[in-house]
Each structure stands twice: as C-alpha cells, then as structure tokens.
file structure.cif (mmCIF, C-alpha atoms)
data_work
#
loop_
_atom_site.label_atom_id
_atom_site.label_comp_id
_atom_site.auth_asym_id
_atom_site.auth_seq_id
_atom_site.Cartn_x
_atom_site.Cartn_y
_atom_site.Cartn_z
CA MET K 169 -40.97 2.00 -69.17
CA VAL K 170 -37.52 0.48 -68.80
CA LYS K 171 -35.07 2.68 -66.91
CA VAL K 172 -31.82 3.24 -68.80
CA ALA K 173 -28.47 3.52 -66.99
CA ILE K 174 -25.01 4.47 -68.25
CA VAL K 175 -22.64 1.98 -66.64
CA SER K 176 -19.29 2.98 -68.15
CA VAL K 177 -17.87 6.14 -69.73
CA CYS K 178 -14.44 6.74 -71.26
CA ARG K 179 -12.89 9.20 -73.68
CA THR K 180 -9.51 10.05 -75.11
CA PRO K 181 -7.93 13.46 -74.44
CA LEU K 182 -8.41 16.42 -76.76
CA THR K 183 -5.45 18.03 -78.49
CA LYS K 184 -4.69 20.78 -80.97
CA ARG K 185 -5.17 19.72 -84.59
CA VAL K 186 -1.88 21.11 -85.88
CA LYS K 187 0.29 20.29 -82.89
CA LYS K 188 2.57 17.29 -82.52
CA GLY K 189 2.08 14.37 -80.17
CA LYS K 190 -1.39 12.86 -79.97
CA SER K 191 -2.78 14.98 -82.81
CA ARG K 192 -1.62 12.39 -85.36
CA VAL K 193 -2.98 9.33 -83.57
CA SER K 194 -5.27 7.41 -85.91
CA SER K 195 -9.04 7.43 -85.45
CA GLN K 196 -9.01 3.63 -85.14
CA LEU K 197 -6.63 3.78 -82.18
CA LEU K 198 -8.60 6.57 -80.48
CA ILE K 199 -11.86 4.62 -80.78
CA SER K 200 -10.45 1.23 -79.78
CA THR K 201 -8.63 2.69 -76.77
CA ALA K 202 -11.76 4.28 -75.31
CA VAL K 203 -14.11 1.40 -76.15
CA GLU K 204 -11.75 -1.28 -74.82
CA GLU K 205 -11.33 0.55 -71.51
CA ALA K 206 -15.07 1.16 -71.19
CA LEU K 207 -15.73 -2.58 -71.68
CA LEU K 208 -12.98 -3.67 -69.29
CA ARG K 209 -14.37 -1.40 -66.58
CA THR K 210 -17.65 -3.29 -66.78
CA PRO K 211 -16.78 -6.85 -65.66
CA HIS K 212 -20.40 -8.02 -65.86
CA ILE K 213 -20.64 -6.99 -69.53
CA SER K 214 -20.31 -10.63 -70.64
CA LYS K 215 -23.71 -11.29 -69.04
CA CYS K 216 -25.26 -8.48 -71.10
CA MET K 217 -23.43 -8.22 -74.40
CA PRO K 218 -23.97 -4.98 -76.34
CA GLU K 219 -26.60 -5.82 -78.94
CA ASP K 220 -26.04 -2.74 -81.06
CA VAL K 221 -23.30 -0.13 -81.51
CA ALA K 222 -24.17 3.39 -82.66
CA VAL K 223 -21.21 5.52 -83.76
CA GLY K 224 -21.57 9.28 -84.23
CA ASN K 225 -19.32 10.88 -86.84
CA VAL K 226 -19.50 13.81 -89.28
CA LEU K 227 -16.36 14.25 -91.37
CA GLY K 228 -15.21 10.65 -91.81
CA GLY K 229 -17.06 10.22 -95.08
CA ALA K 230 -17.53 6.84 -96.71
CA SER K 231 -14.52 5.36 -94.89
CA ALA K 232 -15.90 6.19 -91.44
CA SER K 233 -17.89 2.97 -91.24
CA VAL K 234 -14.76 0.91 -91.95
CA THR K 235 -12.76 2.96 -89.44
CA ALA K 236 -15.37 2.47 -86.72
CA ARG K 237 -15.94 -1.21 -87.43
CA THR K 238 -12.22 -2.02 -87.46
CA ALA K 239 -11.63 -0.19 -84.19
CA ILE K 240 -14.62 -1.64 -82.33
CA VAL K 241 -13.95 -5.21 -83.47
CA SER K 242 -10.38 -4.78 -82.15
CA ALA K 243 -11.67 -3.41 -78.83
CA PHE K 244 -14.14 -6.27 -78.41
CA LYS K 245 -11.41 -8.85 -79.02
CA LYS K 246 -9.06 -7.19 -76.51
CA ALA K 247 -11.88 -7.20 -73.97
CA SER K 248 -12.37 -10.96 -74.62
CA LEU K 249 -15.80 -10.42 -76.17
CA PRO K 250 -16.97 -11.93 -79.47
CA PRO K 251 -16.96 -9.24 -82.18
CA LEU K 252 -20.45 -10.11 -83.41
CA THR K 253 -22.41 -6.96 -82.56
CA PRO K 254 -23.72 -4.93 -85.54
CA ILE K 255 -22.31 -1.42 -85.93
CA ARG K 256 -23.95 1.58 -87.58
CA LEU K 257 -23.05 5.24 -88.11
CA VAL K 258 -25.07 8.27 -87.03
CA ASN K 259 -24.54 11.70 -88.60
CA ARG K 260 -26.33 14.64 -87.03
CA GLN K 261 -23.57 17.15 -87.54
CA CYS K 262 -22.09 18.40 -84.25
CA ALA K 263 -24.64 16.43 -82.23
CA SER K 264 -23.68 13.08 -83.78
CA GLY K 265 -22.08 11.62 -80.66
CA LEU K 266 -24.98 12.74 -78.49
CA GLN K 267 -27.44 11.35 -81.02
CA ALA K 268 -25.70 7.98 -80.79
CA ILE K 269 -26.31 8.01 -77.03
CA VAL K 270 -29.96 8.99 -77.52
CA ASP K 271 -30.46 6.25 -80.11
CA VAL K 272 -29.08 3.51 -77.87
CA SER K 273 -31.07 4.82 -74.91
CA ASN K 274 -34.27 4.78 -76.96
CA GLN K 275 -33.57 1.24 -78.15
CA ILE K 276 -33.19 0.04 -74.57
CA SER K 277 -36.21 1.91 -73.20
CA SER K 278 -38.41 0.57 -76.02
CA GLY K 279 -37.31 -3.00 -75.39
CA GLN K 280 -35.47 -3.50 -78.67
CA ILE K 281 -32.19 -4.30 -76.90
CA ASN K 282 -31.01 -4.81 -73.33
CA CYS K 283 -27.53 -3.35 -73.67
CA GLY K 284 -25.89 -1.10 -76.22
CA LEU K 285 -22.75 0.89 -76.92
CA ALA K 286 -22.71 4.53 -78.02
CA VAL K 287 -19.55 6.01 -79.54
CA GLY K 288 -18.61 9.40 -80.93
CA PHE K 289 -15.40 10.18 -82.82
CA GLU K 290 -13.89 12.91 -84.96
CA SER K 291 -10.33 13.52 -86.10
CA MET K 292 -9.76 17.04 -87.35
CA SER K 293 -6.14 16.10 -88.03
CA TYR K 294 -7.10 13.58 -90.70
CA ASN K 295 -10.53 14.87 -91.73
CA THR K 296 -10.22 18.63 -91.99
CA MET K 297 -13.06 20.95 -92.91
CA ALA K 298 -11.28 22.15 -96.05
CA ASN K 299 -13.89 20.53 -98.30
CA ALA K 300 -16.78 20.50 -95.87
CA PHE K 301 -18.56 23.45 -97.46
CA THR K 302 -18.14 22.61 -101.12
CA THR K 303 -21.40 23.44 -102.87
CA PRO K 304 -22.76 20.50 -104.89
CA PRO K 305 -22.74 21.14 -108.68
CA ASP K 306 -26.52 20.74 -108.89
CA ILE K 307 -26.98 23.67 -106.52
CA GLU K 308 -24.32 25.83 -108.18
CA SER K 309 -25.82 25.39 -111.63
CA ASP K 310 -29.11 27.21 -111.07
CA ASN K 311 -30.24 30.27 -109.15
CA ASP K 312 -33.72 30.74 -110.58
CA ASP K 313 -35.53 30.36 -107.23
CA ASP K 314 -38.32 28.35 -108.80
CA GLU K 315 -40.20 27.65 -105.58
CA GLU K 316 -43.28 26.46 -107.49
CA ASP K 317 -41.50 23.29 -108.59
CA PRO K 318 -41.82 20.66 -105.81
CA ASP K 319 -38.80 18.82 -107.21
CA GLU K 320 -36.67 21.94 -107.47
CA LEU K 321 -33.24 21.39 -105.89
CA ASN K 322 -31.61 24.56 -107.16
CA SER K 323 -32.95 27.48 -105.19
CA SER K 324 -31.79 29.93 -102.57
CA SER K 325 -33.59 27.97 -99.84
CA THR K 326 -31.74 24.81 -100.82
CA GLU K 327 -28.42 26.60 -101.07
CA ALA K 328 -28.94 27.91 -97.53
CA ILE K 329 -28.31 24.36 -96.34
CA MET K 330 -24.64 25.01 -97.10
CA THR K 331 -24.46 27.99 -94.72
CA PRO K 332 -21.35 27.48 -92.54
CA MET K 333 -21.73 27.24 -88.79
CA GLY K 334 -19.91 30.52 -88.20
CA ILE K 335 -22.73 32.33 -89.97
CA THR K 336 -25.48 30.32 -88.28
CA SER K 337 -24.03 31.19 -84.88
CA GLU K 338 -24.17 34.87 -85.79
CA ASN K 339 -27.81 34.40 -86.82
CA VAL K 340 -28.66 32.72 -83.50
CA ALA K 341 -26.91 35.45 -81.52
CA LYS K 342 -28.89 38.10 -83.37
CA LYS K 343 -32.22 36.26 -83.00
CA TYR K 344 -31.86 35.79 -79.25
CA SER K 345 -30.01 39.07 -78.55
CA ILE K 346 -26.86 37.42 -77.20
CA THR K 347 -24.09 40.01 -77.05
CA ARG K 348 -20.40 39.42 -77.76
CA GLU K 349 -19.63 40.46 -74.19
CA GLU K 350 -21.98 37.79 -72.83
CA GLN K 351 -20.37 35.16 -75.05
CA ASP K 352 -16.86 36.16 -73.99
CA ALA K 353 -17.82 36.08 -70.31
CA PHE K 354 -19.36 32.63 -70.74
CA ALA K 355 -16.23 31.37 -72.53
CA VAL K 356 -13.89 32.69 -69.83
CA ARG K 357 -16.02 31.13 -67.08
CA SER K 358 -16.09 27.81 -68.94
CA HIS K 359 -12.31 27.71 -69.40
CA LYS K 360 -11.71 28.58 -65.75
CA ARG K 361 -14.01 25.78 -64.61
CA ALA K 362 -12.31 23.31 -66.97
CA ALA K 363 -8.84 24.30 -65.73
CA ALA K 364 -9.95 23.94 -62.11
CA ALA K 365 -11.46 20.51 -62.83
CA TRP K 366 -8.24 19.31 -64.47
CA THR K 367 -6.18 20.59 -61.53
CA ALA K 368 -8.49 18.82 -59.09
CA GLY K 369 -8.12 15.56 -61.02
CA LYS K 370 -11.82 15.28 -61.79
CA PHE K 371 -11.13 14.01 -65.33
CA ASN K 372 -8.55 11.39 -64.34
CA TYR K 373 -11.00 8.49 -64.35
CA GLU K 374 -12.82 9.64 -67.47
CA VAL K 375 -9.87 10.30 -69.78
CA VAL K 376 -7.89 7.38 -71.18
CA PRO K 377 -4.72 8.29 -73.11
CA PRO K 378 -4.00 6.22 -76.24
CA PRO K 379 -0.78 4.18 -76.41
CA PRO K 380 2.34 6.14 -77.39
#
call {"tool": "encode", "arguments": {"input": "structure.cif", "output": "structure tokens"}}
result
Amino acid sequence: MVKVAIVSVCRTPLTKRVKKGKSRVSSQLLISTAVEEALLRTPHISKCMPEDVAVGNVLGGASASVTARTAIVSAFKKASLPPLTPIRLVNRQCASGLQAIVDVSNQISSGQINCGLAVGFESMSYNTMANAFTTPPDIESDNDDDEEDPDELNSSSTEAIMTPMGITSENVAKKYSITREEQDAFAVRSHKRAAAAWTAGKFNYEVVPPPP
C-alpha cells in the first residue's frame, strides 16, 4: 500500500463571530490565504500537481462550491500553478474538514491520484446557524409514525434527524456517564494547554493571518 504523507499545513486564525476585525473577512479570502501559503511552502509541488481538491463545508449551502472554487483558483494562480484541478465539496457536518483529509488520503493510498489538496472552511459570521434547524415541510406535515411504510418520510424517527447538536451531546453524556464536572475539567485543561502553546509560539508556523 502507498504511504501517504502530509507535506504542508496552514490555517487562518479563529476569531469571535460577532467581534470586529477578522470576523468579517470573506470566506474566499480565508481559503485563498491558507491554500496559497500551503502551496508556496511546498516548492516541489510543481512536480506533483494536486490532482483533486476536496473541500469540507457545512453551512455554505449552494454557494459554497462557487466560494471554494473561486478561492482555490485564485490561490493556484498566485502560487504560479495552472488552475486546472477539479474541486468538490464534502459535507459530513462537523467532521467535514477531517473527511476531506480522509478522502484525499484514501485516493492517494488506492492509487487514484499521486497528490491532493484537502481544505476545510466555515464562516459563522456569514453563514449563521439561524436557519440550520428548520424542519422541512414534508416532516412537519405528518406525525402518524407509520413505520410500516418503507417510503414513509414523515415519522418520529425521521424527525429525529433534526435533533440539534446540543441535545445529542446531552444524550452522549448520559449514555457514557460523562459528568458535567468531568467536562468542565477537560475544558479548563484544554484552554490552559492552548494558551501555553500560543505563548510558546507553537502555532506561529501553522497560522497564516489574512491580509488586512
């Protein structure tokens, strides 16, 4: 089996959704900034052009493909690479970016491609979750729980698909007996480690700020 290696990694910084500054930077600029830098840090990339680009995204909707394609074409041009690589979107909810990485890795290990690019992006400033849990009319219209009908779309089991993540997390905590105290302790430890890493400069190479 072909061994897969990650040769370049970049990301833009995180920021509060409702704050000023970088919170209003467009998704296109965030993507192109990270992708361009990742390509430029790999000088031998011209000898192994990315043959596929997988982009993970959840809330971008129908326009996400245009957003991603525009940004990546721009990044390729700035990196002096021909913008000819096909681009596709991956949506696996909160694991979309990770799924993009897995997809590209699987393509390489199976011999489909030799080099690929995995991207993940989300802008909560422009794509809020205000309408993320709107129940489709077909599900709202019927609550008869007709489980005998194989084509039945309007049942409690189908409606459960719309359960928000806050509720699912409570269900997981209950199932695996994870207490609130354990979660709080884990969160505090995680934030302390992140703050220490920032202070030590361990994210300096990884994080690429977008242009002002």
call {"tool": "closest_residue", "arguments": {"input": "structure.cif", "among": "K:Leu197, K:Ala222, K:Ala368, K:Val175", "to": "K:Ser264", "atoms": "only C-alpha atoms"}}
result
K:Ala222
call {"tool": "atom_distance", "arguments": {"input": "structure.cif", "atom1": "atom CA of K:Asn295", "atom2": "atom CA of K:Leu227"}}
result
5.9 Å
call {"tool": "closest_residue", "arguments": {"input": "structure.cif", "among": "K:Lys342, K:Gly229, K:Val177, K:Pro254", "to": "K:Arg209", "atoms": "all atoms listed in the file"}}
result
K:Val177
call {"tool": "atom_distance", "arguments": {"input": "structure.cif", "atom1": "atom CA of K:Pro250", "atom2": "atom CA of K:Leu207"}}
result
12.2 Å
call {"tool": "closest_residue", "arguments": {"input": "structure.cif", "among": "K:Gln351, K:Glu205, K:Tyr373, K:Pro218", "to": "K:Gln275", "atoms": "only C-alpha atoms"}}
result
K:Pro218
call {"tool": "residues_around", "arguments": {"input": "structure.cif", "residues": "stretch 285-288 of chain K", "least_positions_apart": "3", "cutoff": "10 Å", "atoms": "all atoms listed in the file", "output": "PyMOL selection string"}}
result
chain K and resi 174+176-179+199+202-203+206-207+217-226+236+240+253+255+257-259+263-273
call {"tool": "closest_residue", "arguments": {"input": "structure.cif", "among": "K:Pro211, K:Gly228, K:Pro378, K:Gly369", "to": "K:Ser291", "atoms": "all atoms listed in the file"}}
result
K:Gly228
call {"tool": "closest_residue", "arguments": {"input": "structure.cif", "among": "K:Met333, K:Ile346, K:Ala363, K:Ala355", "to": "K:Gln261", "atoms": "all atoms listed in the file"}}
result
K:Met333
call {"tool": "axis_aligned_box", "arguments": {"input": "structure.cif", "around": "stretch 338-347 of chain K", "padding_each_side": "8 Å", "output": "lines of an AutoDock Vina configuration file"}}
result
center_x = -28.2
center_y = 36.4
center_z = -81.9
size_x = 24.1
size_y = 23.3
size_z = 25.8
call {"tool": "resolve_selection", "arguments": {"input": "structure.cif", "expression": "the PyMOL selection byres ((chain K and resi 377) around 8)", "output": "MDAnalysis selection string"}}
result
chainID K and resid 180:181 201 375:376 378:379
call {"tool": "closest_residue", "arguments": {"input": "structure.cif", "among": "K:Met292, K:Ala341, K:Ala353, K:Ile276", "to": "K:Lys171", "atoms": "only C-alpha atoms"}}
result
K:Ile276
call {"tool": "atom_distance", "arguments": {"input": "structure.cif", "atom1": "atom CA of K:Arg357", "atom2": "atom CA of K:Thr331"}}
result
29.1 Å
call {"tool": "resolve_selection", "arguments": {"input": "structure.cif", "expression": "the PyMOL selection byres ((chain K and resi 194) around 10)", "output": "ChimeraX atom specification"}}
result
/K:190-193,195-199,235,291,293-294,378
call {"tool": "decode", "arguments": {"input": "structure.cif", "residues": "stretch 240-268 of chain K", "atoms": "N, CA, C and O atoms", "output": "tab-separated table (two decimals), in the first residue's frame"}}
result
chain	number	residue	atom	x	y	z
K	240	ILE	N	-9.85	28.88	-4.49
K	240	ILE	CA	-8.76	27.95	-4.79
K	240	ILE	C	-8.14	28.26	-6.15
K	240	ILE	O	-6.92	28.16	-6.32
K	241	VAL	N	-8.95	28.65	-7.12
K	241	VAL	CA	-8.40	29.07	-8.41
K	241	VAL	C	-7.47	30.27	-8.21
K	241	VAL	O	-6.38	30.35	-8.78
K	242	SER	N	-7.90	31.23	-7.38
K	242	SER	CA	-7.08	32.40	-7.07
K	242	SER	C	-5.76	31.99	-6.41
K	242	SER	O	-4.70	32.50	-6.77
K	243	ALA	N	-5.84	31.06	-5.45
K	243	ALA	CA	-4.64	30.61	-4.75
K	243	ALA	C	-3.67	29.90	-5.69
K	243	ALA	O	-2.45	30.11	-5.62
K	244	PHE	N	-4.20	29.08	-6.58
K	244	PHE	CA	-3.35	28.37	-7.54
K	244	PHE	C	-2.62	29.38	-8.44
K	244	PHE	O	-1.43	29.23	-8.72
K	245	LYS	N	-3.33	30.39	-8.92
K	245	LYS	CA	-2.72	31.38	-9.79
K	245	LYS	C	-1.62	32.15	-9.07
K	245	LYS	O	-0.54	32.39	-9.63
K	246	LYS	N	-1.87	32.52	-7.81
K	246	LYS	CA	-0.86	33.25	-7.04
K	246	LYS	C	0.36	32.40	-6.74
K	246	LYS	O	1.46	32.91	-6.54
K	247	ALA	N	0.16	31.09	-6.71
K	247	ALA	CA	1.27	30.17	-6.48
K	247	ALA	C	1.91	29.73	-7.79
K	247	ALA	O	2.73	28.80	-7.82
K	248	SER	N	1.51	30.38	-8.90
K	248	SER	CA	2.06	30.10	-10.24
K	248	SER	C	1.77	28.67	-10.69
K	248	SER	O	2.59	28.02	-11.33
K	249	LEU	N	0.59	28.18	-10.33
K	249	LEU	CA	0.16	26.85	-10.75
K	249	LEU	C	-1.07	26.98	-11.65
K	249	LEU	O	-1.92	27.84	-11.41
K	250	PRO	N	-1.20	26.16	-12.65
K	250	PRO	CA	-2.38	26.23	-13.52
K	250	PRO	C	-3.64	25.80	-12.76
K	250	PRO	O	-3.66	24.74	-12.14
K	251	PRO	N	-4.68	26.62	-12.79
K	251	PRO	CA	-5.91	26.31	-12.04
K	251	PRO	C	-6.78	25.30	-12.78
K	251	PRO	O	-7.91	25.60	-13.18
K	252	LEU	N	-6.28	24.09	-12.95
K	252	LEU	CA	-6.98	23.09	-13.74
K	252	LEU	C	-7.49	21.92	-12.91
K	252	LEU	O	-8.16	21.04	-13.43
K	253	THR	N	-7.17	21.89	-11.63
K	253	THR	CA	-7.54	20.76	-10.78
K	253	THR	C	-9.03	20.79	-10.43
K	253	THR	O	-9.56	21.83	-10.03
K	254	PRO	N	-9.74	19.67	-10.56
K	254	PRO	CA	-11.15	19.63	-10.18
K	254	PRO	C	-11.34	19.82	-8.68
K	254	PRO	O	-10.50	19.41	-7.88
K	255	ILE	N	-12.45	20.44	-8.32
K	255	ILE	CA	-12.74	20.75	-6.91
K	255	ILE	C	-14.11	20.20	-6.56
K	255	ILE	O	-15.06	20.32	-7.34
K	256	ARG	N	-14.24	19.58	-5.40
K	256	ARG	CA	-15.53	19.05	-4.96
K	256	ARG	C	-15.74	19.35	-3.49
K	256	ARG	O	-14.77	19.55	-2.74
K	257	LEU	N	-16.99	19.39	-3.07
K	257	LEU	CA	-17.34	19.67	-1.68
K	257	LEU	C	-17.68	18.39	-0.93
K	257	LEU	O	-18.22	17.44	-1.51
K	258	VAL	N	-17.34	18.39	0.36
K	258	VAL	CA	-17.64	17.27	1.25
K	258	VAL	C	-18.43	17.83	2.43
K	258	VAL	O	-18.01	18.81	3.05
K	259	ASN	N	-19.56	17.23	2.74
K	259	ASN	CA	-20.35	17.67	3.90
K	259	ASN	C	-20.59	16.47	4.80
K	259	ASN	O	-21.39	15.59	4.49
K	260	ARG	N	-19.89	16.44	5.92
K	260	ARG	CA	-20.15	15.44	6.95
K	260	ARG	C	-20.30	16.15	8.29
K	260	ARG	O	-19.70	15.79	9.29
K	261	GLN	N	-21.12	17.18	8.25
K	261	GLN	CA	-21.37	18.00	9.43
K	261	GLN	C	-20.05	18.48	10.04
K	261	GLN	O	-19.19	18.95	9.32
K	262	CYS	N	-19.87	18.38	11.34
K	262	CYS	CA	-18.70	18.96	11.99
K	262	CYS	C	-17.39	18.25	11.64
K	262	CYS	O	-16.32	18.74	11.97
K	263	ALA	N	-17.49	17.11	10.98
K	263	ALA	CA	-16.28	16.38	10.59
K	263	ALA	C	-15.95	16.60	9.11
K	263	ALA	O	-15.15	15.86	8.54
K	264	SER	N	-16.53	17.61	8.49
K	264	SER	CA	-16.37	17.81	7.05
K	264	SER	C	-14.92	18.05	6.65
K	264	SER	O	-14.44	17.48	5.66
K	265	GLY	N	-14.22	18.91	7.38
K	265	GLY	CA	-12.81	19.16	7.06
K	265	GLY	C	-11.96	17.92	7.23
K	265	GLY	O	-11.09	17.62	6.39
K	266	LEU	N	-12.20	17.18	8.30
K	266	LEU	CA	-11.46	15.93	8.52
K	266	LEU	C	-11.79	14.90	7.45
K	266	LEU	O	-10.92	14.15	7.00
K	267	GLN	N	-13.06	14.88	7.04
K	267	GLN	CA	-13.45	13.93	5.99
K	267	GLN	C	-12.76	14.25	4.67
K	267	GLN	O	-12.41	13.35	3.91
K	268	ALA	N	-12.55	15.54	4.41
K	268	ALA	CA	-11.82	15.93	3.20
K	268	ALA	C	-10.40	15.37	3.22
K	268	ALA	O	-9.90	14.88	2.20
